[in-house]
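The next block is work-v4.cif, given as mmCIF, C-alpha atoms and all ligand atoms.
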data_coords
loop_
_atom_site.label_atom_id
_atom_site.label_comp_id
_atom_site.auth_asym_id
_atom_site.auth_seq_id
_atom_site.Cartn_x
_atom_site.Cartn_y
_atom_site.Cartn_z
CA MET I 1 8.80 20.23 1.92
CA SER I 2 5.28 21.35 2.75
CA ALA I 3 2.71 18.61 2.99
CA VAL I 4 -0.43 19.02 0.92
CA PRO I 5 -3.41 19.75 3.22
CA GLY I 6 -6.32 17.37 3.54
CA GLN I 7 -9.91 18.10 2.58
CA THR I 8 -13.16 16.40 3.47
CA VAL I 9 -14.06 13.17 1.70
CA GLY I 10 -17.41 14.86 0.93
CA PRO I 11 -20.85 13.32 0.44
CA PHE I 12 -20.13 11.43 -2.78
CA PHE I 13 -17.18 9.29 -1.72
CA HIS I 14 -19.10 6.07 -2.37
CA LEU I 15 -18.56 6.73 -6.04
CA GLY I 16 -14.79 6.70 -5.81
CA LEU I 17 -13.98 4.65 -2.75
CA GLU I 18 -16.48 1.78 -2.67
CA TYR I 19 -15.79 -1.59 -4.23
CA ASP I 20 -16.95 -5.16 -3.76
CA GLY I 21 -15.43 -6.93 -0.80
CA MET I 22 -13.78 -3.83 0.61
CA ASN I 23 -14.81 -4.64 4.18
CA GLU I 24 -14.18 -8.39 3.93
CA LEU I 25 -10.51 -8.94 4.78
CA VAL I 26 -11.53 -12.58 4.99
CA PRO I 27 -14.73 -14.12 3.62
CA PRO I 28 -17.57 -14.04 6.17
CA GLY I 29 -17.59 -17.84 6.30
CA HIS I 30 -13.93 -18.07 7.31
CA PRO I 31 -13.62 -20.31 10.41
CA ARG I 32 -11.66 -17.65 12.30
CA ALA I 33 -13.58 -14.64 10.96
CA LEU I 34 -14.04 -11.81 13.47
CA ARG I 35 -16.85 -9.33 12.95
CA LEU I 36 -15.45 -5.93 13.92
CA HIS I 37 -18.24 -3.40 13.83
CA GLY I 38 -19.70 -0.33 15.45
CA HIS I 39 -21.41 2.98 14.99
CA VAL I 40 -20.03 6.41 14.23
CA TYR I 41 -21.72 9.22 16.19
CA ASP I 42 -21.56 13.00 15.98
CA GLY I 43 -21.44 15.51 18.83
CA ALA I 44 -25.23 15.34 19.34
CA GLY I 45 -25.11 11.55 19.58
CA ALA I 46 -26.68 11.16 16.14
CA PRO I 47 -25.38 8.43 13.85
CA VAL I 48 -23.10 9.56 11.02
CA PRO I 49 -24.41 7.90 7.84
CA ASP I 50 -21.65 9.14 5.55
CA ALA I 51 -18.36 8.15 7.17
CA VAL I 52 -15.61 5.90 5.86
CA ILE I 53 -13.60 3.73 8.24
CA GLU I 54 -10.36 2.05 7.21
CA ILE I 55 -8.51 -0.56 9.24
CA TRP I 56 -4.90 -1.70 8.89
CA GLN I 57 -3.65 -4.55 11.02
CA ALA I 58 -1.21 -7.36 11.65
CA ASP I 59 -2.25 -10.95 10.94
CA PRO I 60 -3.03 -13.34 13.84
CA GLN I 61 0.68 -14.23 14.12
CA GLY I 62 1.58 -10.56 14.50
CA HIS I 63 3.12 -10.26 11.04
CA ILE I 64 2.51 -7.08 9.13
CA PRO I 65 1.07 -8.10 5.75
CA ARG I 66 3.09 -7.07 2.70
CA GLN I 67 0.77 -8.57 0.10
CA PRO I 68 -1.27 -6.69 -2.51
CA GLY I 69 -4.85 -7.63 -3.28
CA SER I 70 -7.03 -5.50 -0.99
CA LEU I 71 -8.96 -4.11 -3.98
CA ARG I 72 -9.45 -7.46 -5.72
CA ARG I 73 -9.54 -10.03 -2.99
CA ASP I 74 -8.73 -13.62 -3.91
CA GLY I 75 -10.34 -15.17 -0.82
CA TRP I 76 -7.01 -16.55 0.41
CA THR I 77 -4.50 -13.74 0.85
CA PHE I 78 -4.74 -11.75 4.07
CA THR I 79 -3.75 -8.18 3.13
CA GLY I 80 -4.44 -6.59 6.53
CA TRP I 81 -6.29 -3.62 5.07
CA GLY I 82 -9.97 -2.88 4.55
CA ARG I 83 -12.48 -0.10 4.16
CA ALA I 84 -16.11 0.25 5.23
CA ALA I 85 -18.72 2.95 4.73
CA THR I 86 -21.34 3.59 7.39
CA GLY I 87 -24.96 2.84 6.49
CA PRO I 88 -27.98 5.10 7.05
CA ASP I 89 -27.87 4.11 10.75
CA GLY I 90 -24.20 5.06 11.13
CA HIS I 91 -23.15 1.42 11.38
CA TYR I 92 -20.04 -0.05 9.77
CA GLN I 93 -18.65 -3.56 9.81
CA PHE I 94 -15.62 -5.59 8.81
CA THR I 95 -15.05 -9.29 8.53
CA THR I 96 -11.44 -9.87 9.45
CA LEU I 97 -9.00 -11.89 11.57
CA GLU I 98 -7.85 -10.94 15.03
CA PRO I 99 -4.55 -9.09 14.91
CA GLY I 100 -1.70 -10.71 16.83
CA ALA I 101 0.94 -8.95 18.90
CA THR I 102 3.71 -7.63 16.66
CA GLU I 103 6.20 -8.11 19.49
CA PRO I 104 5.92 -10.24 22.63
CA GLY I 105 4.21 -8.25 25.37
CA LYS I 106 2.53 -5.78 22.99
CA ALA I 107 -1.22 -5.31 23.04
CA PRO I 108 -2.70 -6.10 19.61
CA PHE I 109 -4.69 -3.35 17.91
CA PHE I 110 -6.25 -2.23 14.66
CA ALA I 111 -4.95 1.05 13.24
CA VAL I 112 -8.05 3.00 12.25
CA THR I 113 -8.59 5.96 9.92
CA VAL I 114 -11.85 7.93 9.92
CA PHE I 115 -13.20 10.11 7.11
CA ALA I 116 -16.63 11.72 6.84
CA ARG I 117 -18.63 14.39 5.15
CA GLY I 118 -18.27 17.37 7.49
CA LEU I 119 -14.89 16.20 8.72
CA LEU I 120 -12.32 18.45 7.07
CA ASP I 121 -9.33 16.16 7.62
CA ARG I 122 -8.93 12.46 8.33
CA LEU I 123 -8.59 11.22 11.89
CA PHE I 124 -6.39 8.42 13.21
CA THR I 125 -7.11 6.18 16.16
CA ARG I 126 -6.56 2.62 17.41
CA ALA I 127 -9.00 -0.14 18.32
CA TYR I 128 -7.42 -2.52 20.85
CA LEU I 129 -8.66 -6.02 21.48
CA PRO I 130 -9.93 -6.11 25.08
CA ASP I 131 -8.85 -9.57 26.17
CA ASP I 132 -5.59 -9.18 28.06
CA PRO I 133 -5.84 -6.56 30.85
CA ASP I 134 -2.13 -6.87 31.68
CA LEU I 135 -1.05 -6.04 28.14
CA LEU I 136 -3.48 -3.14 28.02
CA ALA I 137 -2.30 -1.84 31.40
CA ASN I 138 1.27 -1.74 30.11
CA ASP I 139 0.57 -0.30 26.70
CA THR I 140 2.52 2.87 25.91
CA LEU I 141 -0.40 4.66 24.31
CA LEU I 142 -3.07 3.62 26.79
CA GLU I 143 -0.83 4.53 29.71
CA SER I 144 -0.42 8.03 28.30
CA VAL I 145 -4.16 8.63 27.90
CA ALA I 146 -6.29 9.98 30.77
CA PRO I 147 -7.83 6.93 32.51
CA ASP I 148 -11.41 8.08 31.86
CA ARG I 149 -10.79 8.19 28.11
CA ARG I 150 -8.93 4.88 27.68
CA ALA I 151 -12.07 2.87 27.10
CA THR I 152 -12.71 4.82 23.88
CA LEU I 153 -9.73 2.98 22.36
CA ILE I 154 -10.73 -0.54 23.39
CA ALA I 155 -13.17 -2.68 21.44
CA ARG I 156 -15.86 -4.56 23.38
CA ARG I 157 -16.42 -8.30 23.02
CA VAL I 158 -19.96 -9.20 22.05
CA PRO I 159 -21.34 -12.62 21.06
CA ASP I 160 -21.01 -11.86 17.35
CA GLY I 161 -17.57 -10.26 17.43
CA ALA I 162 -16.06 -7.04 18.68
CA VAL I 163 -17.67 -3.61 18.80
CA PHE I 164 -15.75 -0.40 18.32
CA ASP I 165 -17.90 2.75 18.36
CA ILE I 166 -16.41 6.02 17.21
CA ARG I 167 -17.58 9.30 18.71
CA LEU I 168 -16.38 12.29 16.73
CA GLN I 169 -17.27 14.80 19.43
CA GLY I 170 -18.79 15.01 22.90
CA ASP I 171 -18.33 13.77 26.44
CA ASP I 172 -17.07 10.36 25.46
CA GLU I 173 -15.22 11.57 22.37
CA THR I 174 -12.87 8.95 20.94
CA VAL I 175 -9.17 9.62 21.51
CA PHE I 176 -7.71 10.55 18.13
CA LEU I 177 -4.01 10.40 17.45
CA THR I 178 -1.29 12.45 15.85
CA TYR I 179 2.32 11.55 15.15
CA PRO I 180 5.61 13.47 15.30
CA ARG I 181 6.05 13.95 11.56
CA LEU I 182 2.51 15.26 11.26
CA ARG I 183 3.36 17.82 13.89
CA ASP I 184 6.43 18.82 11.83
CA ALA I 185 4.15 19.43 8.90
CA TRP I 186 1.81 21.51 11.01
CA ALA I 187 4.47 23.53 12.79
CA MET W 1 -32.38 30.60 9.25
CA GLU W 2 -30.25 29.83 6.26
CA SER W 3 -27.06 31.82 5.88
CA SER W 4 -26.29 33.96 2.88
CA GLN W 5 -23.00 34.02 1.03
CA ALA W 6 -22.35 37.39 2.70
CA ASP W 7 -22.74 35.76 6.15
CA ILE W 8 -20.35 32.99 5.16
CA ASN W 9 -17.86 35.48 3.75
CA ARG W 10 -17.86 37.36 7.07
CA GLU W 11 -17.26 34.13 8.96
CA ILE W 12 -14.48 33.12 6.57
CA GLU W 13 -12.85 36.50 7.04
CA ALA W 14 -13.12 36.29 10.83
CA ALA W 15 -11.63 32.79 10.88
CA ALA W 16 -8.75 33.98 8.68
CA GLN W 17 -7.78 36.43 11.44
CA GLN W 18 -7.03 33.54 13.84
CA PRO W 19 -3.65 32.01 13.21
CA GLY W 20 -4.12 28.57 11.67
CA GLY W 21 -1.66 25.95 10.51
CA PRO W 22 -1.21 24.59 7.02
CA GLN W 23 -3.83 21.88 7.54
CA PRO W 24 -7.57 22.61 7.47
CA LYS W 25 -9.12 23.76 10.72
CA ILE W 26 -11.39 20.87 11.58
CA ASP W 27 -13.36 23.24 13.83
CA TYR W 28 -14.58 25.47 11.01
CA ALA W 29 -18.18 26.64 11.40
CA PRO W 30 -18.50 28.28 7.95
CA TYR W 31 -18.61 24.66 6.73
CA ARG W 32 -21.85 23.91 8.57
CA SER W 33 -21.59 20.12 8.49
CA SER W 34 -18.33 20.30 10.45
CA ILE W 35 -19.93 21.75 13.57
CA LEU W 36 -20.94 18.45 15.20
CA ARG W 37 -18.35 16.32 13.42
CA HIS W 38 -14.99 17.57 14.65
CA PRO W 39 -13.27 16.37 17.81
CA LYS W 40 -12.89 19.07 20.46
CA GLN W 41 -10.09 17.35 22.34
CA PRO W 42 -6.59 17.91 20.95
CA ALA W 43 -5.17 14.94 19.04
CA HIS W 44 -3.03 12.74 21.28
CA LEU W 45 0.62 12.69 20.18
CA ILE W 46 2.30 9.27 20.06
CA ASP W 47 5.24 7.66 18.33
CA PRO W 48 3.87 5.32 15.68
CA GLU W 49 4.31 1.63 16.39
CA ALA W 50 3.92 -1.66 14.55
CA VAL W 51 1.47 -1.37 11.63
CA GLU W 52 1.46 2.41 11.94
CA LEU W 53 5.00 2.36 10.54
CA TRP W 54 3.82 0.60 7.38
CA ALA W 55 1.24 1.18 4.69
CA PRO W 56 -0.83 -1.48 2.93
CA VAL W 57 0.64 -2.79 -0.31
CA PHE W 58 -1.22 -2.40 -3.60
CA GLY W 59 -0.13 -3.84 -6.91
CA HIS W 60 -1.12 -4.67 -10.45
CA ARG W 61 -3.57 -7.25 -9.24
CA ASP W 62 -5.49 -4.40 -7.60
CA VAL W 63 -5.56 -1.90 -10.45
CA ALA W 64 -5.83 -2.38 -14.20
CA ASP W 65 -3.98 0.08 -16.45
CA ASP W 66 -7.15 1.31 -18.13
CA GLU W 67 -8.62 2.45 -14.82
CA ALA W 68 -6.47 5.58 -15.25
CA ASP W 69 -8.54 6.67 -18.23
CA LEU W 70 -11.93 8.01 -17.14
CA THR W 71 -12.89 8.75 -20.75
CA ILE W 72 -13.03 5.15 -22.02
CA GLN W 73 -15.32 3.51 -19.49
CA HIS W 74 -18.42 3.57 -21.71
CA ALA W 75 -19.37 3.04 -25.34
CA GLY W 76 -19.18 6.73 -26.18
CA THR W 77 -16.94 9.67 -25.37
CA PRO W 78 -17.85 11.87 -22.40
CA LEU W 79 -18.71 15.49 -23.01
CA GLY W 80 -16.42 18.20 -21.77
CA GLU W 81 -12.87 19.43 -21.93
CA ARG W 82 -10.53 16.42 -22.10
CA ILE W 83 -7.61 16.84 -19.71
CA VAL W 84 -4.64 14.89 -18.41
CA VAL W 85 -3.68 15.29 -14.76
CA THR W 86 -0.23 14.14 -13.73
CA GLY W 87 2.32 14.71 -11.02
CA ARG W 88 4.42 12.95 -8.43
CA VAL W 89 3.60 11.61 -4.99
CA LEU W 90 6.51 12.43 -2.68
CA ASP W 91 7.02 11.96 1.01
CA GLY W 92 7.82 14.87 3.31
CA ASP W 93 11.54 14.40 2.68
CA GLY W 94 11.14 14.53 -1.10
CA ARG W 95 11.45 10.79 -1.73
CA PRO W 96 9.12 9.35 -4.37
CA VAL W 97 6.29 7.16 -3.13
CA ALA W 98 6.46 4.28 -5.65
CA ASP W 99 3.87 1.60 -6.46
CA GLN W 100 1.22 3.15 -4.30
CA LEU W 101 -2.51 3.52 -4.85
CA VAL W 102 -4.12 6.77 -6.02
CA GLU W 103 -7.93 6.88 -6.23
CA VAL W 104 -9.85 9.77 -7.82
CA TRP W 105 -13.51 10.68 -8.21
CA GLN W 106 -15.24 13.72 -9.61
CA ALA W 107 -18.35 15.34 -11.09
CA ASN W 108 -18.91 15.40 -14.83
CA ALA W 109 -18.42 18.47 -17.05
CA ALA W 110 -21.84 19.78 -16.01
CA GLY W 111 -21.05 19.50 -12.29
CA ARG W 112 -23.11 16.36 -11.62
CA TYR W 113 -21.88 13.30 -9.74
CA ARG W 114 -23.04 9.86 -10.70
CA HIS W 115 -24.31 9.39 -7.16
CA GLN W 116 -27.83 8.92 -5.93
CA ARG W 117 -27.45 11.70 -3.38
CA ASP W 118 -26.49 14.32 -5.96
CA GLN W 119 -29.72 16.18 -6.68
CA HIS W 120 -28.20 19.01 -8.73
CA PRO W 121 -30.46 19.26 -11.80
CA ALA W 122 -27.56 19.25 -14.24
CA PRO W 123 -27.40 16.47 -16.83
CA HIS W 124 -25.80 13.11 -16.19
CA ASP W 125 -23.40 12.00 -18.87
CA PRO W 126 -24.08 8.39 -19.86
CA ASN W 127 -20.46 8.13 -20.98
CA PHE W 128 -18.88 9.33 -17.75
CA THR W 129 -18.74 7.66 -14.35
CA GLY W 130 -16.05 9.87 -12.81
CA VAL W 131 -13.96 7.25 -11.03
CA GLY W 132 -10.31 6.34 -11.63
CA ARG W 133 -7.54 4.36 -9.96
CA MET W 134 -3.85 4.08 -10.64
CA LEU W 135 -0.53 3.08 -9.13
CA THR W 136 2.39 5.46 -8.89
CA GLY W 137 5.48 4.65 -10.94
CA PRO W 138 9.02 4.10 -9.60
CA ASP W 139 9.56 7.88 -9.42
CA GLY W 140 6.19 8.48 -7.76
CA THR W 141 4.47 9.61 -10.96
CA TYR W 142 0.74 9.18 -11.39
CA ARG W 143 -1.19 10.16 -14.51
CA PHE W 144 -4.79 9.93 -15.58
CA GLN W 145 -7.01 11.16 -18.38
CA THR W 146 -10.41 12.62 -17.65
CA ILE W 147 -12.64 15.56 -18.45
CA LYS W 148 -12.60 18.79 -16.49
CA PRO W 149 -15.31 18.67 -13.81
CA GLY W 150 -17.79 21.51 -13.51
CA PRO W 151 -18.48 23.54 -10.35
CA TYR W 152 -21.63 22.49 -8.52
CA PRO W 153 -24.10 23.87 -5.97
CA TRP W 154 -24.45 22.50 -2.46
CA ARG W 155 -26.64 23.24 0.52
CA ASN W 156 -24.18 24.77 2.98
CA HIS W 157 -25.81 28.18 2.60
CA VAL W 158 -27.98 29.98 0.04
CA ASN W 159 -26.29 30.00 -3.37
CA ALA W 160 -23.31 27.94 -2.23
CA TRP W 161 -21.12 26.62 -5.06
CA ARG W 162 -18.03 24.43 -4.89
CA PRO W 163 -15.06 25.35 -7.06
CA ALA W 164 -14.38 22.64 -9.65
CA HIS W 165 -12.32 19.89 -8.05
CA ILE W 166 -11.20 16.29 -8.26
CA HIS W 167 -11.23 14.18 -5.08
CA PHE W 168 -7.98 12.30 -4.40
CA SER W 169 -7.25 9.45 -1.99
CA ILE W 170 -3.55 8.73 -1.48
CA PHE W 171 -1.45 6.31 0.54
CA GLY W 172 2.16 6.85 1.54
CA THR W 173 4.74 4.42 2.83
CA ASP W 174 3.52 4.74 6.46
CA PHE W 175 -0.02 4.49 7.76
CA THR W 176 0.46 8.00 9.19
CA GLN W 177 0.74 9.55 5.70
CA ARG W 178 -2.78 8.65 4.61
CA LEU W 179 -4.36 11.58 2.78
CA VAL W 180 -7.75 12.35 1.29
CA THR W 181 -7.97 15.74 -0.34
CA GLN W 182 -9.26 17.70 -3.33
CA MET W 183 -7.36 19.12 -6.29
CA TYR W 184 -8.52 22.43 -7.72
CA PHE W 185 -7.95 24.29 -11.00
CA PRO W 186 -6.06 27.57 -11.31
CA GLY W 187 -7.92 30.87 -11.18
CA ASP W 188 -11.28 29.57 -9.97
CA PRO W 189 -13.48 32.56 -9.04
CA LEU W 190 -15.22 30.47 -6.36
CA PHE W 191 -12.10 30.07 -4.17
CA PRO W 192 -12.78 33.04 -1.86
CA LEU W 193 -16.40 31.95 -1.38
CA ASP W 194 -15.84 28.26 -0.56
CA PRO W 195 -15.67 27.35 3.13
CA ILE W 196 -14.13 23.93 2.42
CA TYR W 197 -11.19 25.44 0.55
CA GLN W 198 -10.95 28.35 3.00
CA SER W 199 -10.84 26.00 6.00
CA ILE W 200 -7.10 25.95 5.26
CA THR W 201 -6.47 29.40 6.63
CA ASP W 202 -2.84 29.66 5.48
CA PRO W 203 -3.04 30.94 1.86
CA LYS W 204 0.29 29.32 0.91
CA ALA W 205 -0.90 25.96 2.19
CA ARG W 206 -4.24 26.01 0.39
CA GLU W 207 -2.54 26.98 -2.86
CA LEU W 208 -0.79 23.60 -2.66
CA LEU W 209 -4.15 22.12 -3.69
CA ILE W 210 -4.22 23.98 -7.01
CA ALA W 211 -2.91 22.18 -10.09
CA GLN W 212 -0.87 24.17 -12.60
CA TYR W 213 -1.64 24.28 -16.29
CA ASP W 214 1.35 22.67 -18.04
CA HIS W 215 1.68 23.02 -21.79
CA ASP W 216 4.20 20.17 -21.81
CA VAL W 217 1.46 17.86 -20.54
CA THR W 218 -0.96 19.18 -23.16
CA THR W 219 -0.97 17.00 -26.27
CA PRO W 220 -1.61 18.27 -29.83
CA GLU W 221 -5.13 17.83 -31.15
CA TRP W 222 -6.13 15.83 -28.06
CA SER W 223 -6.17 17.24 -24.53
CA THR W 224 -4.94 19.97 -22.23
CA GLY W 225 -2.68 19.08 -19.30
CA TYR W 226 -2.39 19.88 -15.62
CA ARG W 227 0.40 19.09 -13.22
CA TRP W 228 -0.14 18.57 -9.52
CA ASP W 229 2.54 17.22 -7.19
CA ILE W 230 1.38 15.70 -3.92
CA VAL W 231 3.75 15.97 -0.97
CA LEU W 232 2.79 13.80 1.98
CA THR W 233 4.00 14.14 5.55
CA GLY W 234 7.33 12.59 6.50
CA THR W 235 7.82 8.89 7.02
CA HIS W 236 8.67 7.69 10.53
CA ARG W 237 10.82 4.83 9.24
CA THR W 238 14.44 5.37 8.24
CA PRO W 239 14.95 5.46 4.46
CA LEU W 240 17.38 2.54 4.58
CA GLU W 241 14.86 0.33 6.31
CA SER W 242 12.07 1.24 3.89
CA ASP W 243 14.32 0.78 0.83
CA THR W 244 15.33 -2.73 1.79
CA GLU W 245 11.76 -3.69 2.59
CA GLU W 246 10.55 -2.21 -0.67
CA GLU W 247 13.06 -4.36 -2.54
CA ALA W 248 12.15 -7.44 -0.58
CA ALA W 249 8.42 -6.92 -1.23
FE FE J 1 -16.89 17.01 -4.69
#

Please go through the file and, once you have read it, give me the structure as structure tokens.
Amino acid sequence: MSAVPGQTVGPFFHLGLEYDGMNELVPPGHPRALRLHGHVYDGAGAPVPDAVIEIWQADPQGHIPRQPGSLRRDGWTFTGWGRAATGPDGHYQFTTLEPGATEPGKAPFFAVTVFARGLLDRLFTRAYLPDDPDLLANDTLLESVAPDRRATLIARRVPDGAVFDIRLQGDDETVFLTYPRLRDAWA
Amino acid sequence: MESSQADINREIEAAAQQPGGPQPKIDYAPYRSSILRHPKQPAHLIDPEAVELWAPVFGHRDVADDEADLTIQHAGTPLGERIVVTGRVLDGDGRPVADQLVEVWQANAAGRYRHQRDQHPAPHDPNFTGVGRMLTGPDGTYRFQTIKPGPYPWRNHVNAWRPAHIHFSIFGTDFTQRLVTQMYFPGDPLFPLDPIYQSITDPKARELLIAQYDHDVTTPEWSTGYRWDIVLTGTHRTPLESDTEEEAA
């Protein structure tokens, strides 16, 4: 069957996609809250003020959440999914927990989806936690990416959390991903 | 210098000569805002792992039943042609995507969004917000009631107008199936002129975005009906695995 094509999220997505608490996978005051944030930039290095970032992740124990409640958060259930819109300065942020490794020896990461006005189809990428160089060195995806582009997939530790900038185009363009069944649909 | 519709038409025609797949070309200059916002490197092919093999779960605590009726969100009735839009969300192998979130947003009947950045001098409708949410049923069916949105102008080029459309956000059973797109109405005269629609250079593929009028969805003395089925890409999990997990969840 032929997959329906994507279209841009457009300039008015706030109307349909925004809701209270969308970027707070845990409340900001949570003792283990991680601030995952960053900027989205275009090919001229200008901030993108109308992008939507979604993250989907394992919990700190590496379990993949199977609980509803991302749209109406109860303050207790970790659903593993959140959405953030960039502000006028191209900045987005999430309050979340650190993902754990889903299997021993696997590098933990956030699965990330990017939408924007001007972007005709959604983009997929990953944001890895930077802490364990051995795990990162042995990661299947990172190993398969040209060494000079690997850093685009790895968040940076900063005093207030982790920073993951997304560059849609240009010299340090983020590595975006595709998957076998998407290729089938595009063949 | 601002481009004219004739300039854009020439660019659309030129781009249509290059073979393109059934997805939009993200490098599509007739849509001016795409020029600095598309990656130039090819997407990196990987086998999905871990969370990429799963989609977030949504349920009745996320979405109230009345969020699927965009005509009852205010004290009065919105102006415009009342319509029902329904269809099924299926994965690339034809299996229904059950209990999954569908979000929609749209302009009002006059072509105006309830959004601060929409400067089109068409009237707002105090009785219409233009936002709906729903969950798919066990057979993948979604259904919502709304009013038919109007076409609206935008600043891509001089005299640029978008065909009437409803924005859709859809989740599958894998992370990799995530889709945001736009549903259009049959016979819109703006189709050939719209660089967003034409960014899908395969005519058969872009026609998949057009709903069909369905008289069986139309209800007497109340509303007309449109049917639009949404086929996602294939899941990377085996059906058996996903079925058991779905039952366990
Ligand atoms: Fe729109």

Within 8 Å of chain W, which residues belong to chain I? Use only C-alpha atoms and report them as number ranges by chain.
I: 1-9, 11-17, 42-44, 56-58, 64-72, 79-81, 102, 111, 117-122, 124, 141, 145, 168-170, 173, 175-182, 185-187

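We find atom CA of W:Ala98 and atom CA of W:Asp139 to be spaced 6.1 Å apart.
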
Find the distance between atom CA of W:Phe128 and atom CA of W:Ala164 and write it in Å to one decimal.
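Separating atom CA of W:Phe128 from atom CA of W:Ala164 is a distance of 16.2 Å.
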
To one decimal place in Å, what is the distance between atom CA of W:Pro186 and atom CA of W:Ile210?
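Interatomic distance here is 5.9 Å.
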
Of the candidates W:Ile166, W:Met134, W:Ile83, W:Ala109, which one gets nearest to W:Asp65 if we count only C-alpha atoms?
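Nearest to W:Asp65: W:Met134.
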
Enclose the full set of atoms of stretch 88-94 of chain W listed in the file within a box whose edges lie along x, y and z, apply 8 Å of padding to each of the six sides, and report centre and edge lengths in Å to one decimal as lines of an AutoDock Vina configuration file.
center_x = 7.6
center_y = 13.2
center_z = -2.6
size_x = 23.9
size_y = 19.3
size_z = 27.7

When you count only C-alpha atoms and all ligand atoms, which of these residues is closest to ligand FE 1 (chain J): I:Gly10, I:Pro27, I:Arg150, I:Val48?
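Using only C-alpha atoms and all ligand atoms, ligand FE 1 (chain J) sits closest to I:Gly10.
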